[in-house]
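What follows is the content of upload_16.pdb, which has PDB, C-alpha atoms, pLDDT in the B column:
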```pdb
ATOM      1  CA  MET A   1      28.371 186.867 -81.128  1.00 41.00           C
ATOM      2  CA  ASP A   2      28.970 187.055 -77.375  1.00 43.00           C
ATOM      3  CA  LYS A   3      32.718 186.628 -77.015  1.00 45.00           C
ATOM      4  CA  THR A   4      32.481 186.232 -73.252  1.00 42.00           C
ATOM      5  CA  ARG A   5      30.892 182.833 -73.638  1.00 49.00           C
ATOM      6  CA  GLY A   6      32.607 179.648 -74.718  1.00 49.00           C
ATOM      7  CA  ARG A   7      36.058 181.207 -74.753  1.00 47.00           C
ATOM      8  CA  PRO A   8      38.802 178.643 -75.441  1.00 47.00           C
ATOM      9  CA  ARG A   9      41.329 177.887 -72.728  1.00 52.00           C
ATOM     10  CA  THR A  10      44.457 179.939 -73.038  1.00 65.00           C
ATOM     11  CA  PHE A  11      46.728 176.920 -72.594  1.00 74.00           C
ATOM     12  CA  ASP A  12      47.292 173.547 -74.205  1.00 86.00           C
ATOM     13  CA  ARG A  13      45.549 171.064 -71.918  1.00 89.00           C
ATOM     14  CA  GLU A  14      47.394 168.020 -73.248  1.00 92.00           C
ATOM     15  CA  ALA A  15      50.770 169.721 -72.880  1.00 92.00           C
ATOM     16  CA  ALA A  16      49.833 170.749 -69.341  1.00 92.00           C
ATOM     17  CA  LEU A  17      48.836 167.173 -68.544  1.00 94.00           C
ATOM     18  CA  GLY A  18      52.154 165.939 -69.896  1.00 95.00           C
ATOM     19  CA  THR A  19      53.931 168.371 -67.609  1.00 95.00           C
ATOM     20  CA  ALA A  20      51.947 167.054 -64.657  1.00 96.00           C
ATOM     21  CA  VAL A  21      52.911 163.474 -65.545  1.00 96.00           C
ATOM     22  CA  LEU A  22      56.609 164.367 -65.407  1.00 96.00           C
ATOM     23  CA  LEU A  23      56.310 166.257 -62.133  1.00 96.00           C
ATOM     24  CA  PHE A  24      54.366 163.507 -60.375  1.00 95.00           C
ATOM     25  CA  TRP A  25      56.714 160.893 -61.827  1.00 95.00           C
ATOM     26  CA  GLU A  26      59.793 162.729 -60.588  1.00 94.00           C
ATOM     27  CA  HIS A  27      58.593 163.913 -57.186  1.00 93.00           C
ATOM     28  CA  GLY A  28      55.574 161.763 -56.280  1.00 91.00           C
ATOM     29  CA  PHE A  29      52.101 162.919 -55.375  1.00 92.00           C
ATOM     30  CA  GLU A  30      52.808 164.344 -51.936  1.00 90.00           C
ATOM     31  CA  ALA A  31      55.883 166.389 -52.811  1.00 90.00           C
ATOM     32  CA  THR A  32      54.324 167.930 -55.918  1.00 93.00           C
ATOM     33  CA  SER A  33      52.357 170.998 -54.868  1.00 93.00           C
ATOM     34  CA  VAL A  34      49.679 172.863 -56.784  1.00 95.00           C
ATOM     35  CA  GLY A  35      52.174 175.729 -56.930  1.00 95.00           C
ATOM     36  CA  ASP A  36      54.767 173.453 -58.549  1.00 96.00           C
ATOM     37  CA  LEU A  37      52.202 172.313 -61.096  1.00 96.00           C
ATOM     38  CA  THR A  38      50.900 175.753 -62.034  1.00 94.00           C
ATOM     39  CA  GLN A  39      54.401 177.183 -62.280  1.00 95.00           C
ATOM     40  CA  ALA A  40      55.567 174.408 -64.573  1.00 94.00           C
ATOM     41  CA  MET A  41      52.378 174.594 -66.655  1.00 91.00           C
ATOM     42  CA  GLY A  42      52.496 178.382 -66.823  1.00 89.00           C
ATOM     43  CA  ILE A  43      48.904 178.771 -65.614  1.00 89.00           C
ATOM     44  CA  ARG A  44      47.046 180.115 -62.590  1.00 90.00           C
ATOM     45  CA  PRO A  45      45.574 177.797 -59.949  1.00 92.00           C
ATOM     46  CA  ALA A  46      42.059 178.740 -61.061  1.00 91.00           C
ATOM     47  CA  SER A  47      42.832 177.482 -64.562  1.00 90.00           C
ATOM     48  CA  LEU A  48      44.193 174.202 -63.196  1.00 92.00           C
ATOM     49  CA  TYR A  49      41.076 173.620 -61.122  1.00 92.00           C
ATOM     50  CA  ALA A  50      38.803 174.565 -64.024  1.00 92.00           C
ATOM     51  CA  ALA A  51      40.576 172.219 -66.423  1.00 92.00           C
ATOM     52  CA  PHE A  52      41.367 169.238 -64.202  1.00 94.00           C
ATOM     53  CA  GLY A  53      39.551 169.552 -60.886  1.00 92.00           C
ATOM     54  CA  ASP A  54      41.631 169.276 -57.731  1.00 93.00           C
ATOM     55  CA  LYS A  55      45.165 167.904 -57.377  1.00 93.00           C
ATOM     56  CA  LYS A  56      43.926 164.352 -56.769  1.00 93.00           C
ATOM     57  CA  ALA A  57      41.810 164.388 -59.926  1.00 95.00           C
ATOM     58  CA  LEU A  58      44.747 165.742 -61.922  1.00 96.00           C
ATOM     59  CA  PHE A  59      47.004 163.043 -60.522  1.00 96.00           C
ATOM     60  CA  LYS A  60      44.595 160.270 -61.466  1.00 96.00           C
ATOM     61  CA  GLU A  61      44.310 161.671 -64.985  1.00 96.00           C
ATOM     62  CA  ALA A  62      48.098 161.942 -65.173  1.00 96.00           C
ATOM     63  CA  VAL A  63      48.464 158.286 -64.187  1.00 96.00           C
ATOM     64  CA  GLY A  64      46.030 157.347 -66.948  1.00 96.00           C
ATOM     65  CA  ALA A  65      47.991 159.414 -69.452  1.00 96.00           C
ATOM     66  CA  TYR A  66      51.237 157.802 -68.287  1.00 96.00           C
ATOM     67  CA  GLY A  67      49.756 154.357 -68.829  1.00 94.00           C
ATOM     68  CA  ARG A  68      49.018 155.218 -72.459  1.00 94.00           C
ATOM     69  CA  THR A  69      52.603 156.191 -73.227  1.00 94.00           C
ATOM     70  CA  GLU A  70      55.229 153.859 -74.665  1.00 92.00           C
ATOM     71  CA  VAL A  71      57.235 153.928 -71.444  1.00 94.00           C
ATOM     72  CA  GLY A  72      54.248 153.617 -69.133  1.00 95.00           C
ATOM     73  CA  GLY A  73      52.294 150.974 -71.012  1.00 95.00           C
ATOM     74  CA  PHE A  74      54.924 148.355 -71.793  1.00 96.00           C
ATOM     75  CA  VAL A  75      53.545 145.812 -69.315  1.00 95.00           C
ATOM     76  CA  GLY A  76      50.082 145.908 -70.849  1.00 94.00           C
ATOM     77  CA  ARG A  77      51.474 145.581 -74.356  1.00 96.00           C
ATOM     78  CA  ALA A  78      53.551 142.560 -73.362  1.00 97.00           C
ATOM     79  CA  LEU A  79      50.470 140.903 -71.885  1.00 96.00           C
ATOM     80  CA  GLU A  80      48.488 141.526 -75.060  1.00 95.00           C
ATOM     81  CA  GLU A  81      51.086 140.831 -77.719  1.00 97.00           C
ATOM     82  CA  GLU A  82      53.404 138.012 -76.642  1.00 97.00           C
ATOM     83  CA  PRO A  83      52.383 134.448 -77.561  1.00 96.00           C
ATOM     84  CA  THR A  84      53.701 132.544 -74.517  1.00 95.00           C
ATOM     85  CA  ALA A  85      53.849 133.133 -70.778  1.00 95.00           C
ATOM     86  CA  TYR A  86      57.647 133.106 -70.810  1.00 96.00           C
ATOM     87  CA  GLN A  87      57.811 135.647 -73.639  1.00 97.00           C
ATOM     88  CA  VAL A  88      55.388 137.912 -71.767  1.00 97.00           C
ATOM     89  CA  VAL A  89      57.565 137.896 -68.666  1.00 98.00           C
ATOM     90  CA  ALA A  90      60.838 138.150 -70.582  1.00 98.00           C
ATOM     91  CA  ARG A  91      59.602 141.209 -72.473  1.00 98.00           C
ATOM     92  CA  MET A  92      58.304 142.853 -69.296  1.00 98.00           C
ATOM     93  CA  LEU A  93      61.562 142.392 -67.403  1.00 98.00           C
ATOM     94  CA  ARG A  94      63.849 143.334 -70.286  1.00 98.00           C
ATOM     95  CA  GLU A  95      61.848 146.418 -71.154  1.00 98.00           C
ATOM     96  CA  ALA A  96      61.788 147.466 -67.508  1.00 98.00           C
ATOM     97  CA  ALA A  97      65.580 147.217 -67.500  1.00 98.00           C
ATOM     98  CA  ARG A  98      65.742 149.438 -70.578  1.00 98.00           C
ATOM     99  CA  ILE A  99      63.004 151.936 -69.720  1.00 98.00           C
ATOM    100  CA  TYR A 100      63.361 152.562 -65.989  1.00 98.00           C
ATOM    101  CA  PRO A 101      66.863 154.098 -66.036  1.00 98.00           C
ATOM    102  CA  ASP A 102      66.411 155.974 -69.341  1.00 97.00           C
ATOM    103  CA  PRO A 103      67.590 159.576 -68.737  1.00 96.00           C
ATOM    104  CA  ALA A 104      65.021 160.882 -71.235  1.00 96.00           C
ATOM    105  CA  HIS A 105      62.439 160.809 -68.432  1.00 96.00           C
ATOM    106  CA  PRO A 106      62.281 160.421 -64.622  1.00 96.00           C
ATOM    107  CA  ALA A 107      63.660 157.123 -63.372  1.00 96.00           C
ATOM    108  CA  GLY A 108      61.528 154.168 -62.418  1.00 96.00           C
ATOM    109  CA  CYS A 109      57.781 153.726 -62.715  1.00 95.00           C
ATOM    110  CA  LEU A 110      55.280 156.438 -61.798  1.00 95.00           C
ATOM    111  CA  THR A 111      52.683 154.024 -60.409  1.00 92.00           C
ATOM    112  CA  ILE A 112      55.258 152.276 -58.227  1.00 90.00           C
ATOM    113  CA  SER A 113      57.020 155.318 -56.794  1.00 86.00           C
ATOM    114  CA  ALA A 114      54.460 158.138 -56.761  1.00 86.00           C
ATOM    115  CA  ALA A 115      52.720 157.100 -53.527  1.00 74.00           C
ATOM    116  CA  THR A 116      55.881 157.145 -51.412  1.00 73.00           C
ATOM    117  CA  ASN A 117      55.366 159.075 -48.164  1.00 70.00           C
ATOM    118  CA  VAL A 118      51.704 159.801 -48.849  1.00 73.00           C
ATOM    119  CA  THR A 119      50.082 161.235 -45.721  1.00 75.00           C
ATOM    120  CA  VAL A 120      47.011 159.859 -43.973  1.00 72.00           C
ATOM    121  CA  GLN A 121      44.970 162.692 -45.470  1.00 76.00           C
ATOM    122  CA  ASP A 122      45.841 161.458 -48.947  1.00 81.00           C
ATOM    123  CA  VAL A 123      45.339 157.746 -48.345  1.00 86.00           C
ATOM    124  CA  GLU A 124      42.915 157.818 -51.294  1.00 90.00           C
ATOM    125  CA  ILE A 125      45.902 158.220 -53.615  1.00 91.00           C
ATOM    126  CA  ALA A 126      47.845 155.376 -52.007  1.00 88.00           C
ATOM    127  CA  THR A 127      44.756 153.180 -52.342  1.00 91.00           C
ATOM    128  CA  PHE A 128      44.270 154.236 -55.960  1.00 93.00           C
ATOM    129  CA  LEU A 129      47.827 153.246 -56.885  1.00 91.00           C
ATOM    130  CA  ARG A 130      47.704 150.037 -54.847  1.00 91.00           C
ATOM    131  CA  ASP A 131      44.504 149.005 -56.608  1.00 94.00           C
ATOM    132  CA  LEU A 132      46.087 149.771 -59.969  1.00 93.00           C
ATOM    133  CA  ARG A 133      49.146 147.659 -59.179  1.00 92.00           C
ATOM    134  CA  ASN A 134      46.956 144.851 -57.864  1.00 94.00           C
ATOM    135  CA  ALA A 135      44.896 144.937 -61.056  1.00 95.00           C
ATOM    136  CA  ASN A 136      48.105 144.601 -63.077  1.00 94.00           C
ATOM    137  CA  LEU A 137      49.149 141.697 -60.861  1.00 96.00           C
ATOM    138  CA  ALA A 138      45.791 140.004 -61.404  1.00 97.00           C
ATOM    139  CA  SER A 139      46.135 140.450 -65.173  1.00 97.00           C
ATOM    140  CA  LEU A 140      49.579 138.876 -65.103  1.00 97.00           C
ATOM    141  CA  GLU A 141      48.359 135.967 -62.983  1.00 97.00           C
ATOM    142  CA  GLU A 142      45.472 135.421 -65.386  1.00 97.00           C
ATOM    143  CA  ARG A 143      47.872 135.420 -68.345  1.00 97.00           C
ATOM    144  CA  LEU A 144      50.200 132.951 -66.633  1.00 97.00           C
ATOM    145  CA  ARG A 145      47.288 130.704 -65.764  1.00 96.00           C
ATOM    146  CA  ARG A 146      46.275 130.698 -69.405  1.00 96.00           C
ATOM    147  CA  GLY A 147      49.866 129.857 -70.276  1.00 95.00           C
ATOM    148  CA  GLN A 148      49.727 126.944 -67.890  1.00 95.00           C
ATOM    149  CA  GLU A 149      46.542 125.697 -69.558  1.00 95.00           C
ATOM    150  CA  GLU A 150      48.245 126.006 -72.959  1.00 94.00           C
ATOM    151  CA  GLY A 151      51.325 124.112 -71.804  1.00 93.00           C
ATOM    152  CA  ASP A 152      53.724 127.081 -71.484  1.00 92.00           C
ATOM    153  CA  LEU A 153      54.167 126.436 -67.769  1.00 94.00           C
ATOM    154  CA  PRO A 154      54.465 123.127 -65.912  1.00 94.00           C
ATOM    155  CA  GLU A 155      51.189 121.817 -64.562  1.00 91.00           C
ATOM    156  CA  GLY A 156      52.366 122.077 -60.968  1.00 92.00           C
ATOM    157  CA  ALA A 157      53.788 125.606 -61.246  1.00 94.00           C
ATOM    158  CA  ASP A 158      52.648 128.086 -58.577  1.00 96.00           C
ATOM    159  CA  VAL A 159      51.049 130.642 -60.888  1.00 97.00           C
ATOM    160  CA  ALA A 160      50.075 133.108 -58.153  1.00 97.00           C
ATOM    161  CA  GLY A 161      53.564 132.903 -56.676  1.00 97.00           C
ATOM    162  CA  LEU A 162      55.172 133.436 -60.067  1.00 97.00           C
ATOM    163  CA  ALA A 163      53.039 136.517 -60.745  1.00 97.00           C
ATOM    164  CA  SER A 164      53.999 137.956 -57.348  1.00 98.00           C
ATOM    165  CA  PHE A 165      57.657 137.126 -58.035  1.00 98.00           C
ATOM    166  CA  VAL A 166      57.613 139.050 -61.317  1.00 98.00           C
ATOM    167  CA  ALA A 167      55.802 142.016 -59.750  1.00 96.00           C
ATOM    168  CA  THR A 168      58.307 142.106 -56.901  1.00 97.00           C
ATOM    169  CA  VAL A 169      61.272 142.047 -59.275  1.00 98.00           C
ATOM    170  CA  ILE A 170      59.801 144.830 -61.410  1.00 97.00           C
ATOM    171  CA  GLN A 171      59.021 146.985 -58.383  1.00 95.00           C
ATOM    172  CA  GLY A 172      62.559 146.448 -57.111  1.00 96.00           C
ATOM    173  CA  MET A 173      63.995 147.362 -60.503  1.00 98.00           C
ATOM    174  CA  SER A 174      61.995 150.594 -60.438  1.00 96.00           C
ATOM    175  CA  GLN A 175      63.454 151.557 -57.067  1.00 95.00           C
ATOM    176  CA  GLN A 176      66.966 150.561 -58.106  1.00 97.00           C
ATOM    177  CA  ALA A 177      66.662 152.786 -61.162  1.00 97.00           C
ATOM    178  CA  ARG A 178      65.630 155.685 -58.934  1.00 95.00           C
ATOM    179  CA  ASP A 179      68.681 154.926 -56.793  1.00 96.00           C
ATOM    180  CA  GLY A 180      70.947 155.214 -59.830  1.00 97.00           C
ATOM    181  CA  ALA A 181      71.180 151.697 -61.280  1.00 98.00           C
ATOM    182  CA  GLY A 182      71.808 151.665 -65.017  1.00 98.00           C
ATOM    183  CA  SER A 183      70.340 149.528 -67.763  1.00 98.00           C
ATOM    184  CA  ALA A 184      73.209 147.011 -67.726  1.00 98.00           C
ATOM    185  CA  GLU A 185      72.786 146.378 -64.001  1.00 98.00           C
ATOM    186  CA  LEU A 186      69.020 146.036 -64.303  1.00 98.00           C
ATOM    187  CA  ALA A 187      69.403 143.759 -67.330  1.00 98.00           C
ATOM    188  CA  ARG A 188      71.449 141.374 -65.188  1.00 98.00           C
ATOM    189  CA  VAL A 189      68.625 141.312 -62.659  1.00 98.00           C
ATOM    190  CA  ALA A 190      66.126 140.587 -65.422  1.00 98.00           C
ATOM    191  CA  GLU A 191      68.174 137.736 -66.854  1.00 98.00           C
ATOM    192  CA  LEU A 192      68.750 136.209 -63.419  1.00 98.00           C
ATOM    193  CA  ALA A 193      65.007 136.254 -62.776  1.00 97.00           C
ATOM    194  CA  LEU A 194      64.385 134.595 -66.124  1.00 97.00           C
ATOM    195  CA  SER A 195      67.028 131.936 -65.435  1.00 96.00           C
ATOM    196  CA  VAL A 196      64.899 130.472 -62.648  1.00 94.00           C
ATOM    197  CA  TRP A 197      61.652 130.588 -64.626  1.00 95.00           C
ATOM    198  CA  PRO A 198      59.966 127.154 -64.754  1.00 93.00           C
ATOM    199  CA  ARG A 199      59.750 125.786 -68.268  1.00 83.00           C
ATOM    200  CA  ALA A 200      57.350 123.167 -69.514  1.00 71.00           C
ATOM    201  CA  ALA A 201      58.874 119.790 -70.320  1.00 64.00           C
TER     202      ALA A 201
END
```
Let me see the file written as structure tokens.
Amino acid sequence: MDKTRGRPRTFDREAALGTAVLLFWEHGFEATSVGDLTQAMGIRPASLYAAFGDKKALFKEAVGAYGRTEVGGFVGRALEEEPTAYQVVARMLREAARIYPDPAHPAGCLTISAATNVTVQDVEIATFLRDLRNANLASLEERLRRGQEEGDLPEGADVAGLASFVATVIQGMSQQARDGAGSAELARVAELALSVWPRAA
């Protein structure tokens, strides 16, 4: 058997990807260098490129991995699992208040904060994250519209405006968490947002 062919990688790819998620989450795309990544992963640049492609490809894969985690996928689960529009939004806001400041991981949301200060040369990454956030916004609007059809929201409610309102609150909560706000403070924000939510008669 030719042992020079088909040799296994000398590192755990999934563990390396998890490391990349944390670095990008903490520092953003621009401030996380290939050197930072390889040092944290314990691999050489050539191994990173062979396993993941370039830094942009690794970042996009890291964002996908983040979205499959418990802390990164809570919005999608709320959309899928809650029976009413109000319960969807309440779960999203309350879980954001709990998850974003959790010291077990970097503060806030990776997809909201990672594109901060992206240069013109890396506009592809800013566009990638913007499109992802806009897709989430569209999914929320669609779910609220269905709720309106099912009687969860008043007939005259501004569904698009409500979806934008929720997205804006969540994005603000992410930034507040990065600025040091704790779960109790963010929970008050969540409950205030829910207090003005239109309810069907």
Counting all atoms listed in the file, give me one row per residue of range 77-146 of chain A with an atom at most 12 Å from an atom of range 31-53 of chain A, showing the shortest contact pair and its distance in Å to one decimal, sorted by chain then residue number, as a tab-separated table.
```
residue	atom	partner	partner_atom	distance
A:Ser113	CA	A:Ala31	CA	11.8
A:Ala114	CA	A:Ala31	CA	9.3
A:Ala115	CA	A:Ala31	CA	9.8
A:Thr116	CA	A:Ala31	CA	9.3
A:Asn117	CA	A:Ala31	CA	8.7
A:Val118	CA	A:Ala31	CA	8.8
A:Thr119	CA	A:Ala31	CA	10.5
A:Asp122	CA	A:Ala31	CA	11.8
```
Mind running range 67-130 of chain A against range 146-151 of chain A at 10 Å and telling me each contacting residue's nearest atom pair with the distance in Å (one decimal), counting all atoms listed in the file, chain and number ascending, as CSV?
```
residue,atom,partner,partner_atom,distance
A:Pro83,CA,A:Gly147,CA,9.0
A:Thr84,CA,A:Gly147,CA,6.3
A:Ala85,CA,A:Gly147,CA,5.2
A:Tyr86,CA,A:Gly147,CA,8.4
A:Val88,CA,A:Gly147,CA,9.9
```
Two-atom distance - CA of Phe59 in chain A, CA of Glu95 in chain A (Å): 24.7 Å
Answer as a ChimeraX atom specification, residues within 10 Å of (47.3, 146.2, -67.8) using only C-alpha atoms: /A:67,73-80,132-133,135-140
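Residues in contact with Ala96 in chain A at up to 10 Å, not including ones fewer than 2 positions away on its chain and judged by all atoms listed in the file, are A:Val71, A:Gly72, A:Phe74, A:Val75, A:Ala90, A:Arg91, A:Met92, A:Leu93, A:Arg94, A:Arg98, A:Ile99, A:Tyr100, A:Pro101, A:Asp102, A:Gly108, A:Cys109, A:Val169, A:Ile170, A:Gln171, A:Met173, A:Ser174, A:Ala177, A:Ser183, A:Leu186, A:Ala187, A:Ala190.
Rounded to one decimal, CA of Val89 in chain A and CA of Leu144 in chain A lie 9.1 Å from each other.
Interatomic distance, CA of Val63 in chain A to CA of Val120 in chain A: 20.3 Å.
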Sel. within 9 Å of pt (51.1, 163.7, -66.4), counting all atoms listed in the file, output as an MDAnalysis selection string: chainID A and resid 14:25 58:66
Output of the PyMOL selection byres ((chain A and resi 154) around 9), listed as a list in words: Gln148, Gly151, Asp152, Leu153, Glu155, Gly156, Ala157, Pro198, Arg199, Ala200 and Ala201 of chain A
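Take the candidates A:Arg145, A:Lys56, A:Arg130, A:His27 and check each one against Pro106 in chain A using all atoms listed in the file; the shortest distance goes to A:His27.
Restricting the calculation to all atoms listed in the file, the smallest distance between Ala193 in chain A and any of A:Thr69, A:Ala97, A:Ala181, A:Ile112 is found for A:Ala97.
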Around all listed atoms of range 56-62 of chain A, padded 3 Å per side, what centre and edge lengths does the axis-aligned box have in Å to one decimal, as lines of an AutoDock Vina configuration file?
```
center_x = 45.0
center_y = 163.0
center_z = -61.0
size_x = 12.3
size_y = 11.5
size_z = 14.4
```
